[in-house]
$ cat structure_12.txt   # compact mmCIF, C-alpha atoms and all ligand atoms
# COMPACT_ATOMS: atom_id res chain seq x y z
CA MET A 25 -64.52 -146.88 -47.20
CA ASN A 26 -63.09 -144.82 -44.40
CA VAL A 27 -59.34 -144.97 -44.82
CA GLU A 28 -57.58 -144.96 -41.51
CA ALA A 29 -54.25 -143.32 -40.89
CA THR A 30 -52.89 -143.45 -44.39
CA SER A 31 -50.00 -141.14 -43.52
CA GLY A 32 -46.79 -141.87 -41.68
CA PHE A 33 -45.61 -144.49 -39.24
CA GLY A 34 -46.30 -142.24 -36.23
CA ALA A 35 -49.94 -141.61 -37.18
CA LYS A 36 -50.51 -145.30 -37.87
CA LEU A 37 -48.93 -146.23 -34.57
CA ARG A 38 -51.14 -143.79 -32.63
CA SER A 39 -54.27 -144.84 -34.53
CA ARG A 40 -53.71 -148.54 -33.80
CA ARG A 41 -52.75 -147.88 -30.15
CA GLN A 42 -55.94 -145.89 -29.59
CA GLN A 43 -58.01 -148.46 -31.44
CA ILE A 44 -57.02 -151.18 -28.97
CA LYS A 45 -57.34 -148.77 -26.02
CA LEU A 46 -53.71 -148.76 -24.94
CA ASN A 47 -52.22 -145.58 -23.55
CA GLU A 48 -48.63 -144.58 -24.29
CA HIS A 49 -47.46 -146.07 -20.97
CA HIS A 50 -49.11 -149.43 -21.65
CA LEU A 51 -47.46 -149.68 -25.04
CA ALA A 52 -44.11 -148.56 -23.62
CA ASP A 53 -44.37 -151.24 -20.91
CA ARG A 54 -45.07 -153.92 -23.50
CA LEU A 55 -41.98 -152.87 -25.42
CA GLY A 56 -39.76 -152.31 -22.38
CA ILE A 57 -39.11 -148.68 -23.34
CA ASN A 58 -40.25 -145.38 -21.88
CA ALA A 59 -43.44 -143.58 -22.85
CA GLU A 60 -41.48 -140.55 -24.05
CA THR A 61 -40.07 -142.65 -26.90
CA VAL A 62 -43.57 -143.77 -27.91
CA ARG A 63 -44.66 -140.11 -27.90
CA GLU A 64 -41.70 -139.12 -30.07
CA TRP A 65 -42.44 -141.86 -32.63
CA GLU A 66 -46.09 -140.87 -32.80
CA GLN A 67 -45.33 -137.19 -33.26
CA SER A 68 -42.61 -137.67 -35.82
CA HIS A 69 -43.43 -137.17 -39.49
CA ASP A 70 -40.37 -139.15 -40.45
CA LEU A 71 -39.87 -142.88 -40.17
CA PRO A 72 -38.00 -143.49 -36.89
CA ASP A 73 -34.65 -145.23 -37.13
CA LEU A 74 -35.91 -148.73 -36.32
CA THR A 75 -34.82 -152.18 -37.40
CA LEU A 76 -37.29 -154.60 -38.98
CA ALA A 77 -37.15 -156.65 -35.79
CA GLN A 78 -38.15 -153.61 -33.75
CA VAL A 79 -41.05 -152.80 -36.08
CA SER A 80 -42.09 -156.43 -35.78
CA ASP A 81 -42.01 -156.18 -31.95
CA ILE A 82 -44.07 -152.99 -32.04
CA ALA A 83 -46.62 -154.63 -34.35
CA LYS A 84 -46.80 -157.62 -32.00
CA ALA A 85 -47.37 -155.33 -29.00
CA LEU A 86 -50.19 -153.72 -30.98
CA ASP A 87 -51.58 -157.11 -32.04
CA THR A 88 -51.32 -156.24 -35.71
CA ASN A 89 -49.38 -157.05 -38.87
CA PRO A 90 -46.12 -155.04 -39.32
CA ALA A 91 -47.26 -154.11 -42.86
CA THR A 92 -50.09 -152.03 -41.38
CA LEU A 93 -47.53 -149.67 -39.82
CA VAL A 94 -45.66 -149.03 -43.05
CA PRO A 95 -46.22 -145.54 -44.50
CA GLY A 96 -48.55 -145.72 -47.47
CA HIS A 97 -50.25 -148.88 -46.28
CA ARG A 98 -54.04 -148.59 -46.50
CA SER A 99 -56.11 -150.31 -43.88
CA ASP A 100 -58.84 -152.64 -45.10
CA LEU A 101 -60.92 -151.75 -42.04
CA ASP A 102 -63.76 -149.25 -41.93
CA ASN A 103 -63.65 -147.53 -38.53
CA GLY A 104 -62.00 -150.63 -37.07
CA VAL A 105 -64.35 -153.14 -38.71
CA LYS A 106 -64.34 -155.25 -41.87
CA LEU A 107 -67.62 -156.67 -43.14
CA GLN A 108 -68.24 -159.54 -45.49
CA TYR A 109 -71.88 -159.94 -46.43
CA ALA A 110 -73.81 -163.20 -46.71
CA GLY A 111 -73.22 -164.80 -50.08
CA ASP A 112 -69.80 -163.17 -50.60
CA ALA A 113 -67.75 -166.13 -49.30
CA ASP A 114 -65.54 -167.73 -51.95
CA ALA A 115 -65.88 -171.52 -51.93
CA ILE A 116 -63.03 -173.94 -52.56
CA THR A 117 -63.42 -177.73 -52.66
CA GLY A 118 -60.37 -179.71 -51.59
CA LYS A 119 -59.65 -183.33 -52.45
CA ARG A 120 -58.09 -185.99 -50.28
CA GLY A 121 -57.35 -189.49 -51.44
CA GLY A 122 -58.55 -188.53 -54.92
CA ALA A 123 -62.09 -187.60 -53.89
CA GLU A 124 -63.73 -184.34 -52.86
CA TYR A 125 -63.39 -184.13 -49.09
CA TYR A 126 -64.22 -180.65 -47.77
CA THR A 127 -65.73 -177.51 -49.28
CA TYR A 128 -64.30 -174.41 -47.58
CA HIS A 129 -66.37 -171.21 -47.57
CA CYS A 130 -63.93 -168.37 -46.85
CA LEU A 131 -65.31 -165.94 -44.26
CA VAL A 132 -64.05 -162.45 -43.50
CA ARG A 133 -60.27 -161.95 -43.34
CA THR A 134 -58.23 -158.82 -42.77
CA HIS A 135 -54.56 -158.09 -43.27
CA THR A 136 -54.52 -156.53 -39.80
CA ALA A 137 -54.93 -160.10 -38.42
CA PRO A 138 -53.34 -162.22 -41.15
CA ASN A 139 -53.22 -165.40 -39.08
CA MET A 140 -56.97 -165.47 -38.46
CA VAL A 141 -58.60 -167.69 -41.10
CA PRO A 142 -62.32 -168.30 -40.46
CA LEU A 143 -64.02 -170.93 -42.59
CA LEU A 144 -67.32 -172.73 -42.93
CA VAL A 145 -66.42 -176.29 -43.83
CA ASP A 146 -68.84 -178.68 -45.51
CA VAL A 147 -67.76 -182.22 -44.65
CA LEU A 148 -68.39 -184.13 -47.87
CA ARG A 149 -67.45 -187.69 -46.91
CA GLN A 150 -69.63 -189.85 -44.72
CA GLY A 151 -68.63 -192.89 -42.69
CA GLU A 152 -65.73 -193.48 -40.32
CA ASP A 153 -63.72 -195.50 -42.85
CA GLU A 154 -63.55 -192.48 -45.15
CA SER A 155 -61.17 -190.53 -42.86
CA GLN A 156 -58.30 -188.88 -44.72
CA PHE A 157 -55.76 -187.12 -42.50
CA ASN A 158 -54.06 -183.82 -43.20
CA ALA A 159 -50.50 -183.33 -42.01
CA GLY A 160 -51.54 -180.80 -39.37
CA HIS A 161 -50.88 -177.11 -39.94
CA PRO A 162 -49.21 -174.17 -38.23
CA GLY A 163 -51.36 -172.21 -35.80
CA GLY A 164 -54.14 -173.42 -33.56
CA GLU A 165 -57.67 -174.14 -34.73
CA PHE A 166 -61.05 -173.69 -33.10
CA ILE A 167 -63.92 -175.76 -34.50
CA TYR A 168 -67.65 -175.73 -33.78
CA VAL A 169 -69.93 -178.44 -35.17
CA LEU A 170 -72.60 -176.25 -36.73
CA GLU A 171 -74.78 -178.80 -38.52
CA GLY A 172 -74.94 -182.56 -38.44
CA ASP A 173 -72.73 -184.92 -36.45
CA VAL A 174 -69.10 -185.75 -37.20
CA HIS A 175 -66.48 -188.36 -36.43
CA MET A 176 -63.03 -186.93 -35.72
CA ARG A 177 -59.66 -188.68 -35.78
CA TRP A 178 -56.42 -187.04 -34.77
CA GLY A 179 -52.79 -187.63 -33.88
CA ASP A 180 -50.78 -190.47 -35.42
CA PRO A 181 -52.77 -191.67 -38.47
CA GLU A 182 -51.58 -195.24 -37.78
CA ALA A 183 -52.96 -195.19 -34.22
CA PRO A 184 -55.31 -192.22 -34.03
CA SER A 185 -57.43 -190.89 -31.20
CA LYS A 186 -61.13 -190.89 -32.12
CA ALA A 187 -64.32 -189.11 -31.05
CA ASP A 188 -67.92 -188.86 -32.21
CA LEU A 189 -69.04 -185.26 -31.93
CA PRO A 190 -72.69 -184.25 -32.19
CA GLN A 191 -73.87 -180.90 -33.46
CA GLY A 192 -73.00 -178.17 -30.93
CA SER A 193 -69.64 -179.68 -29.93
CA SER A 194 -66.51 -177.50 -29.99
CA ILE A 195 -62.89 -178.48 -30.43
CA TYR A 196 -59.45 -176.94 -30.06
CA ILE A 197 -56.65 -178.43 -32.16
CA ALA A 198 -53.03 -177.55 -31.36
CA PRO A 199 -50.61 -176.62 -34.17
CA PHE A 200 -49.25 -179.50 -36.28
CA VAL A 201 -51.65 -182.15 -34.93
CA PRO A 202 -52.90 -184.18 -37.93
CA HIS A 203 -56.70 -184.41 -38.01
CA ALA A 204 -59.61 -185.59 -40.11
CA PHE A 205 -63.37 -185.23 -40.01
CA VAL A 206 -66.10 -187.26 -41.67
CA ALA A 207 -69.84 -186.80 -41.39
CA THR A 208 -71.91 -189.38 -39.51
CA THR A 209 -75.18 -187.75 -40.66
CA PRO A 210 -76.08 -187.18 -44.32
CA ALA A 211 -74.55 -183.69 -44.17
CA ALA A 212 -72.27 -181.91 -41.72
CA ARG A 213 -70.89 -178.40 -41.52
CA LEU A 214 -68.18 -177.00 -39.26
CA LEU A 215 -67.28 -173.45 -38.33
CA ALA A 216 -63.47 -173.42 -38.17
CA VAL A 217 -61.24 -170.55 -37.12
CA ASN A 218 -57.52 -170.98 -37.69
CA PHE A 219 -55.40 -168.45 -35.83
FE FE A 301 -57.56 -177.99 -39.64
$ encode --input "structure_12.txt" --output "structure tokens"
Amino acid sequence: MNVEATSGFGAKLRSRRQQIKLNEHHLADRLGINAETVREWEQSHDLPDLTLAQVSDIAKALDTNPATLVPGHRSDLDNGVKLQYAGDADAITGKRGGAEYYTYHCLVRTHTAPNMVPLLVDVLRQGEDESQFNAGHPGGEFIYVLEGDVHMRWGDPEAPSKADLPQGSSIYIAPFVPHAFVATTPAARLLAVNF
């Protein structure tokens, strides 16, 4: 694996900035500081005198996890990419209401984008009456109905909204909106990306 910028904060900052094609002025603008300060940080071998909140702001401006800027942190990317080959997805089956409900196949994740959680989801229960709600979760979710047809319920479990979604449908779910899927064909599979 090609290890990127394993040295100090400045080198990591420059590496990430260049990776996302920002120049020093763009980054400075995002942070409300001048480009000279960015240049000084990048050229310094020492850790600049920054608070955790400032490091967090810098990481946000670089669309990355603050941990990736910490000296000694090793990127899990190879030249800006992380690969997970077919067959390497861990599978976890979750229960709801005492019965197996979904099997989650965990797709590629990286600690440079810790909030991105891509999953293939096998919907194990069939029939609209089998709906079992979650409590919603932080972060948004994108879903694509990859195989089979599904019935979706969302919102207040006592008075939910409902939709029948054939294969090829796509869905956005806002944070903390309870939701449930069941298959309306013998098998159904979703591609879900939490972010
Ligand atoms: Fe979800």
$ closest_residue --input "structure_12.txt" --among "A:Asn158, A:Thr75, A:Thr88, A:Gln108" --to "Gly179 (chain A)" --atoms "all atoms listed in the file"
A:Asn158
$ atom_distance --input "structure_12.txt" --atom1 "CA of Val141 (chain A)" --atom2 "CA of Ser194 (chain A)"
16.8 Å
$ residues_near_ligand --input "structure_12.txt" --ligand "ligand FE 301 (chain A)" --cutoff "7 Å" --atoms "only C-alpha atoms and all ligand atoms" --output "list in words"
Gly160, His161, Glu165 and His203 of chain A
$ atom_distance --input "structure_12.txt" --atom1 "CA of Tyr128 (chain A)" --atom2 "CA of Leu189 (chain A)"
19.6 Å
$ closest_residue --input "structure_12.txt" --among "A:Leu55, A:Met140, A:Gly104, A:Gly121" --to "Ser80 (chain A)" --atoms "only C-alpha atoms"
A:Leu55
$ atom_distance --input "structure_12.txt" --atom1 "CA of Ile195 (chain A)" --atom2 "CA of Leu86 (chain A)"
27.8 Å
$ residues_around --input "structure_12.txt" --residues "Asp173 (chain A)" --least-positions-apart "2" --cutoff "8 Å" --atoms "all atoms listed in the file" --output "PyMOL selection string"
chain A and resi 169+171+175+188-191+207-209+212
$ closest_residue --input "structure_12.txt" --among "A:His135, A:Arg213, A:His129, A:Lys186" --to "Asp153 (chain A)" --atoms "all atoms listed in the file"
A:Lys186
$ residues_near_point --input "structure_12.txt" --point "(-40.3, -145.9, -35.8)" --cutoff "12 Å" --atoms "all atoms listed in the file" --output "count of residues only"
34
$ residues_around --input "structure_12.txt" --residues "Ala123 (chain A)" --least-positions-apart "5" --cutoff "12 Å" --atoms "all atoms listed in the file" --output "PyMOL selection string"
chain A and resi 117-118+148-149+154-156
$ closest_residue --input "structure_12.txt" --among "A:Ile197, A:Leu46, A:Ala91, A:Ala52" --to "Pro138 (chain A)" --atoms "only C-alpha atoms"
A:Ala91
